[in-house]
Every structure is written in C-alpha cells, then in structure tokens.
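Asks: This is the structure, below, for whatever I ask next.
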Amino acid sequence: MIRKDAQTILSVKNLTANINDTPILKGVNLEVKEGEVHAIMGRNGSGKSTFSKVLAGHPAYEVTGGEIIYKGVNLLEKEPDERALSGIFLAFQYPLEIPGVSNLEFLRVAYNAKQKYLGLEEIDVFEFEDLVEDKLDIVKMDPAFLQRSLNEGFSGGEKKRNEILQMALLEPSLAILDETDSGLDIDALRIVANGVNQLATPYTASLVITHYQRLLDYIEPDFVHVMYDGRIITSGGKELALELEDKGYDFLDELNQKVLVEVGG
C-alpha cells in the first residue's frame, strides 16, 4: 500500500532512554512512511518493548537524548494522552483488566475523546452501539463481550482481539503492536492478524514488534529491523525475518561488535 508520494509518519534519530537510571535504548534510528509495515525483532531485553513504550510516552522511561518526530511534530513535547489522540495506538503485550468498567463504555469514552480532539460531534450510547457492532466482524468477536468488564476474564486471544477492535474504532495513523502474537493460538493469531491487515491503508503505518517469524507470515512487513542491546543493528526485507528464524540470534553477537566499532560505542 506504499504510495510514491507517501509522507514520513515517524522519524526517530539517535534516541536514548533509561529506566531507573539504567540505559535501555542506546541510539535508535528509524523512519516510517505512510503505507509501510515495519517489523522489529530481537532477543528478550534488546529494547523492543521499551521502544514502543517510549513512543507512547510511558512515564517510567526517561528519554535522555535524540528526537522523535511524528507527522512533523516533536513527540517528546507531548503527553501520553496527546500522543494517543493525535493518532498513535499501542497494543500492549499484556492488556490490562479493569473490573467494573464495561468494555462498551470504555470504547465509547475513548472514541468520543478522539471525536472531541478532532472537533467532531460526540455520539450517544445508542449510536455507538451501532458503530461498534459494525466493527465486531473484523475480529470475529461476540457482541456479549461488550457488556463485560474490560478484559476481565478474557482469554489472551480475546484480549488481543479487543485491542484490535479499539484500533478499528480509533483509526490511528501509527499502530504499534507490541508482541501481539504473545499467548495466541494459531486461530486467534490469524484473526488478529487479519484484523490488522483489514485496517491498513495507504495513509497509515504499522510497527510490529515480535520475537518470531510466525506473525510475519500473516502481517507481511515491508521492512524488518533487528534490535540488539538498545540499537537497531541491521535492517532488510522480509527475508531477514526468515534468516533469523533459521539461524537464531546468536550470529548477531559478532554483527553487534562491528556496529559498535562503527559508532565508536
């Protein structure tokens, strides 16, 4: 879905970040344009999930250097809610349960917050029920889930479907999927991936964070990046994911040493 005149949605340059004074990101560089799907792969502890949370503005992480430009705006000057309202969507690896808050009401409040931000009219409960039921088929979700507390008692697959339902309603410009395949059986994985694919447009982009090739069999990336010790150390096409699946991550140790020499780190 990449257009010849596609604009840059996200530009990250030399991004560094800490948590509890411990450096996690050590110079991340990435550019994402409209219509593109980027996959970030790497070992546990390489910084992938930290990167997603820093983009979303998680307060536990301190940005110590570099820049994040989102649609021409300095994202580091924006609060987490402003980032979400401006079109950044983060699907969590472990979605939270919120007992006592109905799924339907949560979705409606989120949708109306976006409407208000865009200067559009908010919609009432009845209009919203019609709207959300039109979206349920994207993730093959039973309407009964709308009346339950948010994610309470949901299986891993149901939680992930619910997040893609949120994505369908909010229509983000940049969808960040943090290990969406975690805990999913093959049927749930297909449903979730199909939902993501249906929501892709030539004017939006996706950043897919995963350990494994299997998700990329369903959400085909235009670019694959490998993160190692807080940096993206190599990038390529979808064939890079297949190489990782074949070789594992051990061969990256030597590659990382070469990168460190090049950057003087």
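Starting from 1 in every chain, residues are counted up; chains themselves are A, B, ... following the order of the structure tokens, and ligands are numbered from 1 as listed.
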Give me, as a CSV table (one decimal) with N, CA and C atoms, in the first residue's frame, the residues of segment 41-131 of chain A that a backbone DSSP run labels alpha helix (DSSP H).

Replies:
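What follows is the written file selection.csv:
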chain,number,residue,atom,x,y,z
A,48,LYS,N,13.1,-3.7,22.5
A,48,LYS,CA,12.0,-3.6,21.6
A,48,LYS,C,10.7,-3.0,22.3
A,49,SER,N,10.3,-3.6,23.4
A,49,SER,CA,9.1,-3.1,24.1
A,49,SER,C,9.4,-1.8,24.8
A,50,THR,N,10.6,-1.5,25.2
A,50,THR,CA,10.9,-0.2,25.7
A,50,THR,C,10.7,0.8,24.7
A,51,PHE,N,11.2,0.5,23.4
A,51,PHE,CA,11.0,1.5,22.3
A,51,PHE,C,9.5,1.8,22.1
A,52,SER,N,8.7,0.8,22.1
A,52,SER,CA,7.2,1.0,21.9
A,52,SER,C,6.7,1.9,23.0
A,53,LYS,N,7.1,1.7,24.3
A,53,LYS,CA,6.5,2.4,25.4
A,53,LYS,C,7.1,3.9,25.4
A,54,VAL,N,8.3,4.1,25.0
A,54,VAL,CA,8.8,5.4,24.8
A,54,VAL,C,8.0,6.2,23.8
A,55,LEU,N,7.7,5.5,22.6
A,55,LEU,CA,6.9,6.2,21.6
A,55,LEU,C,5.6,6.6,22.2
A,56,ALA,N,5.0,5.8,23.0
A,56,ALA,CA,3.7,6.1,23.6
A,56,ALA,C,3.7,7.1,24.7
A,80,PRO,N,1.3,11.6,27.1
A,80,PRO,CA,0.8,10.3,26.5
A,80,PRO,C,-0.6,10.4,25.9
A,81,ASP,N,-1.5,11.1,26.6
A,81,ASP,CA,-2.9,11.2,26.0
A,81,ASP,C,-2.9,12.0,24.7
A,82,GLU,N,-2.0,13.0,24.6
A,82,GLU,CA,-2.0,13.8,23.4
A,82,GLU,C,-1.4,13.0,22.3
A,83,ARG,N,-0.5,12.1,22.6
A,83,ARG,CA,0.0,11.2,21.5
A,83,ARG,C,-1.0,10.3,21.0
A,84,ALA,N,-1.8,9.7,22.0
A,84,ALA,CA,-2.9,8.8,21.6
A,84,ALA,C,-3.9,9.5,20.7
A,85,LEU,N,-4.3,10.7,21.2
A,85,LEU,CA,-5.4,11.5,20.4
A,85,LEU,C,-4.9,11.9,19.1
A,103,ASN,N,-16.7,-2.9,28.9
A,103,ASN,CA,-15.9,-2.8,27.7
A,103,ASN,C,-16.6,-1.8,26.7
A,104,LEU,N,-17.9,-1.8,26.6
A,104,LEU,CA,-18.6,-0.9,25.7
A,104,LEU,C,-18.4,0.5,26.1
A,105,GLU,N,-18.5,0.8,27.5
A,105,GLU,CA,-18.3,2.2,27.9
A,105,GLU,C,-16.9,2.7,27.7
A,106,PHE,N,-15.9,1.8,28.0
A,106,PHE,CA,-14.5,2.2,27.8
A,106,PHE,C,-14.3,2.6,26.3
A,107,LEU,N,-14.8,1.7,25.4
A,107,LEU,CA,-14.6,2.0,24.0
A,107,LEU,C,-15.3,3.3,23.6
A,108,ARG,N,-16.5,3.6,24.1
A,108,ARG,CA,-17.2,4.8,23.8
A,108,ARG,C,-16.5,6.0,24.3
A,109,VAL,N,-16.0,6.0,25.5
A,109,VAL,CA,-15.3,7.1,26.0
A,109,VAL,C,-14.0,7.4,25.2
A,110,ALA,N,-13.3,6.4,24.8
A,110,ALA,CA,-12.1,6.5,24.0
A,110,ALA,C,-12.5,7.1,22.7
A,111,TYR,N,-13.5,6.6,22.1
A,111,TYR,CA,-14.0,7.1,20.7
A,111,TYR,C,-14.4,8.5,20.8
A,112,ASN,N,-15.2,8.9,21.8
A,112,ASN,CA,-15.6,10.3,21.9
A,112,ASN,C,-14.5,11.3,22.3
A,113,ALA,N,-13.5,10.8,23.0
A,113,ALA,CA,-12.3,11.6,23.3
A,113,ALA,C,-11.6,12.0,22.0
A,114,LYS,N,-11.5,11.0,21.1
A,114,LYS,CA,-10.9,11.3,19.8
A,114,LYS,C,-11.8,12.2,18.9
A,115,GLN,N,-13.1,12.0,19.0
A,115,GLN,CA,-14.0,12.9,18.3
A,115,GLN,C,-13.9,14.4,18.7
A,116,LYS,N,-13.8,14.5,20.1
A,116,LYS,CA,-13.7,15.9,20.6
A,116,LYS,C,-12.3,16.5,20.2
A,117,TYR,N,-11.3,15.7,20.2
A,117,TYR,CA,-10.0,16.2,19.8
A,117,TYR,C,-10.0,16.7,18.4
A,125,VAL,N,-24.9,6.7,23.4
A,125,VAL,CA,-24.7,5.3,23.6
A,125,VAL,C,-25.3,4.4,22.5
A,126,PHE,N,-26.5,4.8,22.0
A,126,PHE,CA,-27.2,4.0,21.0
A,126,PHE,C,-26.5,4.1,19.7
A,127,GLU,N,-26.1,5.3,19.3
A,127,GLU,CA,-25.3,5.4,18.0
A,127,GLU,C,-24.0,4.6,18.1
A,128,PHE,N,-23.4,4.7,19.3
A,128,PHE,CA,-22.1,4.0,19.4
A,128,PHE,C,-22.3,2.5,19.3
A,129,GLU,N,-23.3,2.0,19.9
A,129,GLU,CA,-23.6,0.5,19.8
A,129,GLU,C,-23.7,0.1,18.4
A,130,ASP,N,-24.4,0.9,17.6
A,130,ASP,CA,-24.5,0.5,16.2
A,130,ASP,C,-23.1,0.6,15.5
A,131,LEU,N,-22.3,1.6,15.8
A,131,LEU,CA,-21.0,1.7,15.2
A,131,LEU,C,-20.1,0.6,15.6

Asks: Give me the residues within 9 Å of Thr64 of chain A as a PyMOL selection string, counting only C-alpha atoms and dropping any in the same chain fewer than 4 places off.

Replies: chain A and resi 15-18+23

Asks: Hey, can you spit out that residue selection with C-alpha atoms as a compact mmCIF listing (two decimals), in the first residue's frame?

Replies:
# COMPACT_ATOMS: atom_id res chain seq x y z
CA LEU A 15 17.07 8.01 20.57
CA THR A 16 18.41 7.11 24.01
CA ALA A 17 16.32 6.28 27.07
CA ASN A 18 16.72 4.99 30.63
CA PRO A 23 20.29 2.81 29.86

Asks: If you run DSSP on this backbone, which residues of segment 201-259 of chain A come out as strand (DSSP E or B), and could you give them as a ChimeraX atom specification?

Replies: /A:205-209,223-228,231-236

Asks: Counting only C-alpha atoms, which of A:Ala205, A:Ile123, A:Ala39, A:Leu96 gets nearest to Thr8 of chain A?

Replies: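 Among A:Ala205, A:Ile123, A:Ala39, A:Leu96, it is A:Ala205 that comes nearest to Thr8 of chain A.
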
Asks: Just to confirm, what's the straight-line distance from atom CA of Ser155 of chain A to atom CA of Asn44 of chain A in Å (one decimal)?

Replies: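 Separation of atom CA of Ser155 of chain A and atom CA of Asn44 of chain A: 23.4 Å.
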
Asks: Would you mind listing what lies within 9 Å of segment 215-218 of chain A as JSON, numbers by chain, with only C-alpha atoms counted and same-chain residues fewer than 4 positions away left out?

Replies: {"A": [39, 180, 181, 189, 190, 193, 194, 197, 208, 210, 211, 238, 241]}

Asks: Would you kindly return, as a PDB file with C-alpha atoms, in the first residue's frame, each protein, DNA or RNA residue with an atom no farther than 8 Å from any atom of Gly47 of chain A, considering only C-alpha atoms and excluding same-chain residues fewer than 6 positions away?

Replies:
ATOM      1  CA  ILE A  24      17.975   0.696  27.678  1.00  0.00           C
ATOM      2  CA  LEU A  25      17.842   2.491  24.327  1.00  0.00           C
ATOM      3  CA  MET A 227      17.337  -4.652  17.700  1.00  0.00           C
ATOM      4  CA  TYR A 228      20.293  -5.654  19.833  1.00  0.00           C
ATOM      5  CA  ASP A 229      21.350  -4.053  23.115  1.00  0.00           C
ATOM      6  CA  GLY A 230      19.280  -0.938  22.577  1.00  0.00           C
ATOM      7  CA  ARG A 231      20.133  -0.289  18.938  1.00  0.00           C
TER       8      ARG A 231
END

Asks: So, counting only C-alpha atoms, which residue among A:Ile186, A:Val63, A:Ile88, A:Val32 is closest to Phe223 of chain A?

Replies: A:Val32

Asks: Restricting the calculation to only C-alpha atoms: of A:Lys160, A:Arg3, A:Lys247, A:Lys140, which residue gets closest to Lys33 of chain A?

Replies: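 Under the stated criterion, the closest residue is A:Arg3.
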
Asks: List the spatial neighbours of Ala6 of chain A as a compact mmCIF listing (two decimals) with C-alpha atoms, in the first residue's frame - criterion: any atom at most 10 Å away, only C-alpha atoms, same-chain residues fewer than 3 positions off excluded.

Replies:
# COMPACT_ATOMS: atom_id res chain seq x y z
CA MET A 1 0.00 0.00 0.00
CA ILE A 2 3.01 2.30 -0.28
CA ARG A 3 2.35 5.40 -2.38
CA ILE A 9 4.87 9.48 9.68
CA VAL A 32 8.43 5.05 8.86
CA LYS A 33 6.35 6.34 5.94
CA GLU A 34 2.67 6.11 5.11
CA GLY A 35 1.56 2.70 3.90
CA GLU A 36 4.55 0.88 5.37
CA PRO A 202 -2.10 3.82 2.16
CA TYR A 203 -2.15 6.70 4.67
CA THR A 204 -1.37 4.78 7.85

Asks: Counting only C-alpha atoms, which of A:Leu244, A:Ala91, A:Leu184, A:Ile19 gets nearest to Pro59 of chain A?

Replies: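 That would be A:Ile19, the residue with the smallest distance to Pro59 of chain A.
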
Asks: Rounded to one decimal, what separation in Å do you get between atom CA of Lys78 of chain A and atom CA of Leu169 of chain A?

Replies: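 Going from atom CA of Lys78 of chain A over to atom CA of Leu169 of chain A, I get 22.4 Å.
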
Asks: Report, in Å with one decimal, the straight-line distance from atom CA of Leu75 of chain A to atom CA of Gly57 of chain A.

Replies: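 Taking atom CA of Leu75 of chain A as the start and atom CA of Gly57 of chain A as the end point, the length is 8.6 Å.
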